[in-house]
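J.: Take this structure first; my questions come after.
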Amino acid sequence: MSKVIKAIDLKKIYHLGKVKVEALRGVSFEVEEGEFVSIMGPSGSGKSTLMHIIGCLDYPSGGKYFLTNQDVTKLDDNQLALFRNRKIGFVFQQFNLLPRATNLRNVEIPLIYAGMATRDRLKISLKALQDVGLNHRAHHRPNEISGGERQRVAIARALVNNPSIILADEPTGNLDSKTGQEIMKIFQSLNQRGNTIILVTHEPEIARYARRIIHLRDGLINKDEVVV
Amino acid sequence: MIGQGLQIALESLWANKMRSFLSMLGIVIGVGAVIAIVSVGTGSTQQVTSRIADLGSNMITINPSMPRGQWGQIRDVSHSRQKFTLELAEYLELFCPSVRSVIPVKQITGRLISDEVNINATVIGTRVDYAEVNNYEIAQGVFISAEDDRERRPVIVLGYQLAVDLFNNDYPIGKVIKFNYNGRIFSFTVTGVMKEKGGSMAGNLDERAYIPVSVAMDRLTTHKYVDSFIAQAYSSERAISAVKEIEYFLIKYLEDENREQFRIISQDEILDTVSSVTNTMSMMLGGIAAISLLVGGIGIMNIMLVSVTERTREIGIRKALGAKNKNILIQFLMESLSLSSLGGLVGIGFGWVAAYFLSQYGNWPFLISSISIILAFGFALFIGIFFGLYPAMKAAKMNPVDALRYE
């Protein structure tokens with residue numbers, strides 16, 4: 001199996017005034033295609049920073065990061081945007097749907113920036129909504145549906161451009177536990193279909209839905225375990 | 001990319017209808033004002049110009065200077081005034097090659113008396129050409145003839161209003177009326193009534209009467225001089241040279257190197273004055289309108305800045321989903337451009353309607369110049385780009401991580 005992610009000695013240093021904060025102090029790991037990995041750690045452990053770097057939203061201060069065998073640290077802003085568009089599907093804690101756009105429109109956005117023609121775009125977006133069981137909500141707006149449904153719309157949006165990895169940042173953080181479990185089941189079934197999923201969370205019981213957990217503490221990998 | 005940017009921009013503007021409308025308002029008013037003001041300016045200028053042209057073509061008025069006093073004393077009659085004789089009129093005709101004719105004008109104010117009514121009126125002693133030079137047409141009967149003048153016949157032609165006042169609805173031609181001047185009474189036979197002309201630069205012509213200049217000078221008064229001359233150039237092209245010839249001749253004739261004793265007013269000069277006044281007015285009002293456009297533009301920038309801040313999170317989401325800086329820049333630029341161009345279009349309609357009603361109210365021709373439309377609309381577009389660029393760049397440069405964290 002090919003490596004989707006290869007991180008070598010990733011460092012991130014923030015300068016807050018005169019104080020230097022080392023969020024990541026040398027993190028190395030690899031993720032193979034088709035894996036379901038949780039990155040877990042308490043707040044302040046650097047997991048958000050790591051997620052931003054994996055998601056091509058931010059550059060590391062040191063180290064190398066290869067996404068599908070390409071060195072991301074050497075890319076400029078535009079190429080990074082292209083990478084986010086083609087290779088990554090984001091699912092956020094706050095759903096991050098555009099409130100004034102319909103669900104369908106929200107799902108379409110990555111395809112719009114990919115430059116896809118309207119007709120193909122609609123077909124693929126409707127299919128993605130169908131995959132999460134929400135095609136009947138396509139023309140509703142996010143504020144007209146429940147939190148769990150919103151997160152499913154967000155998952156459809158993350159899937160729509162057929163990315164190399166799906167990156168989920170505390171996807172159950174704003175949901176009750178039952179809905180959270182439903183969402184995690186969706187991730188599991190996506191993984192069974194072959195999607196590579198990276199889940200960032202601080203909740204152990206959510207992290208256990210994955211097959212591998214990377215424990216992060218004070219900017220370093222504490223433990224890398226396989227879930228049995 | 002511009003197409004999708006425009007689509008996203010329009011969706012967002014539609015989602016915030018009230019805010020979009022309010023930020024458009026400045027541009028609407030600015031563009032509307034520019035169009036209305038330019039239309040009013042050209043319409044009223046044309047109205048005034050055509051009125052001046054109505055006064056008579058190629059007309060040059062020559063007046064002696066008003067008597068000027070010194071140290072509280074007033075000289076009774078100025079030196080030059082006495083030289084404004086009928087001979088001078090003949091000399092001017094003779095020595096100025098561009099001048100076709102010189103018509104003497106003698107004004108006498110007295111009281112006109114018909115059977116029932118008497119009215120204070122100005123009677124003008126003049127010659128047959130007077131009506132033609134002034135574009136003044138006869139309604140009934142005939143104007144003073146050359147023969148009337150030679151024979152010193154006591155005939156009178158009445159202005160429209162004067163005829164109505166004196167004879168009401170009776171047919172006035174052939175009637176005899178009396179004219180009381182300086183306590184003496186003269187009888188005149190009415191030979192004609194002029195068409196209604198209304199007010200003009202020279203006062204209300206309808207309230208005047210016309211008699212042969214010979215009668216005015218030899219019978220009514222014993223004056224040897226008249227009040228002014230009206231000279232007519234052969235053509236409007238020769239009007240300027242006619243003015244120069246008259247000036248040159250009068251300087252020699254009156255021995256008046258400093259041109260203190262006479263004044264020459266040509267129609268060109270009046271037109272120049274009028275157009276310079278209206279131009280200044282248009283410039284000033286246009287400037288005010290342009291400022292309101294500018295303020296409208298600043299309003300758009302203001303709204304766009306607020307909108308960018310308010311939608312920081314949206315920008316973060318879009319960037320996370322693959323929007324390049326260019327995409328965001330174009331999205332926000334398209335928003336401000338749509339606002340200003342839509343505002344411009346509404347403003348054109350608004351200015352058009354306003355100009356139409358103003359032209360109806362002011363009774364001048366309704367004119368909309370395509371240049372003013374293109375200029376105002378182009379300026380609105382420019383403002384949309386210029387004032388939209390800064391907020392759009394601010395949006396485009398946002399760091400996606402910070403933008404996503406924004407609450």
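Identifiers in this document derive from the order of the structure tokens: chains are assigned A, B, ..., residues are numbered from 1 separately in each chain, and ligands are numbered from 1 in order of occurrence.
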Give me, as a tab-separated table, each residue of chain A that comes within 10 Å of chain B, together with its shortest interatomic pair and the distance in Å at one decimal, counting only C-alpha atoms, with rows ordered by chain and rising residue number.
T.:
residue	atom	partner	partner_atom	distance
A:Thr49	CA	B:Val401	CA	9.4
A:His52	CA	B:Val401	CA	7.2
A:Ile53	CA	B:Val401	CA	9.9
A:Gly55	CA	B:Ala320	CA	8.3
A:Cys56	CA	B:Ala320	CA	8.5
A:Leu57	CA	B:Val401	CA	6.2
A:Asp58	CA	B:Val401	CA	7.0
A:Asp77	CA	B:Lys324	CA	7.6
A:Asn78	CA	B:Lys324	CA	5.7
A:Gln79	CA	B:Lys324	CA	8.6
A:Leu80	CA	B:Gly322	CA	8.3
A:Ala81	CA	B:Gly322	CA	4.7
A:Leu82	CA	B:Gly322	CA	5.8
A:Phe83	CA	B:Gly322	CA	7.4
A:Arg84	CA	B:Gly322	CA	5.2
A:Asn85	CA	B:Gly322	CA	4.0
A:Arg86	CA	B:Gly322	CA	7.7
A:Lys87	CA	B:Gly322	CA	9.7
A:Ile88	CA	B:Leu321	CA	8.2
A:Gly89	CA	B:Leu321	CA	7.6
A:Phe90	CA	B:Leu321	CA	7.5
A:Phe92	CA	B:Leu404	CA	9.8
A:Gln94	CA	B:Leu404	CA	10.0
A:Phe95	CA	B:Ile317	CA	9.9
A:Asn96	CA	B:Ile317	CA	6.5
A:Leu97	CA	B:Ile317	CA	7.8
A:Leu98	CA	B:Glu314	CA	6.5
A:Pro99	CA	B:Glu314	CA	9.2
A:Arg100	CA	B:Ala15	CA	6.6
A:Ala101	CA	B:Glu11	CA	8.4
A:Ile109	CA	B:Leu321	CA	7.2
A:Pro110	CA	B:Leu321	CA	5.3
A:Leu111	CA	B:Leu321	CA	9.0
A:Ile112	CA	B:Gln4	CA	7.5
A:Tyr113	CA	B:Ala323	CA	5.8
A:Ala114	CA	B:Gly322	CA	7.7
A:Gly115	CA	B:Met1	CA	7.8
A:Arg157	CA	B:Leu321	CA	8.9
A:Ala158	CA	B:Leu321	CA	8.5
A:Asn161	CA	B:Leu321	CA	9.7
J.: Please identify all polymer residues within 12 Å of range 60-65 of chain A, counting only C-alpha atoms, omitting same-chain residues fewer than 4 positions from it, and present them as an NGL selection string.
T.: :A and (3-15 or 21-31 or 49-56 or 69-75)
J.: I need the residues of range 72-146 of chain A that end up classed as strand (DSSP E) by DSSP on the backbone, written out as a PyMOL selection string.
T.: chain A and resi 88-91
J.: Between B:Leu337, B:Ser187, B:Thr312, B:Ala380, which has the minimum distance to Arg405 in chain B (counting only C-alpha atoms)?
T.: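 Using only C-alpha atoms, the shortest distance to Arg405 in chain B belongs to B:Thr312.
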J.: Report the distance between CA of Leu104 in chain A and CA of Leu22 in chain B in Å, rounded to one decimal place.
T.: 29.7 Å
J.: I need the residue nearest Arg152 in chain B from this list: B:Asp218, B:Glu335, B:Glu116, B:Glu255. Use only C-alpha atoms for the distance.
T.: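 Among B:Asp218, B:Glu335, B:Glu116, B:Glu255, it is B:Asp218 that comes nearest to Arg152 in chain B.
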J.: Apply DSSP to the structure's backbone, then extract all residues of range 97-153 of chain A labelled helix (DSSP H, G or I) and return them as a ChimeraX atom specification.
T.: /A:103-114,118-131,135-137,142-144,147-153
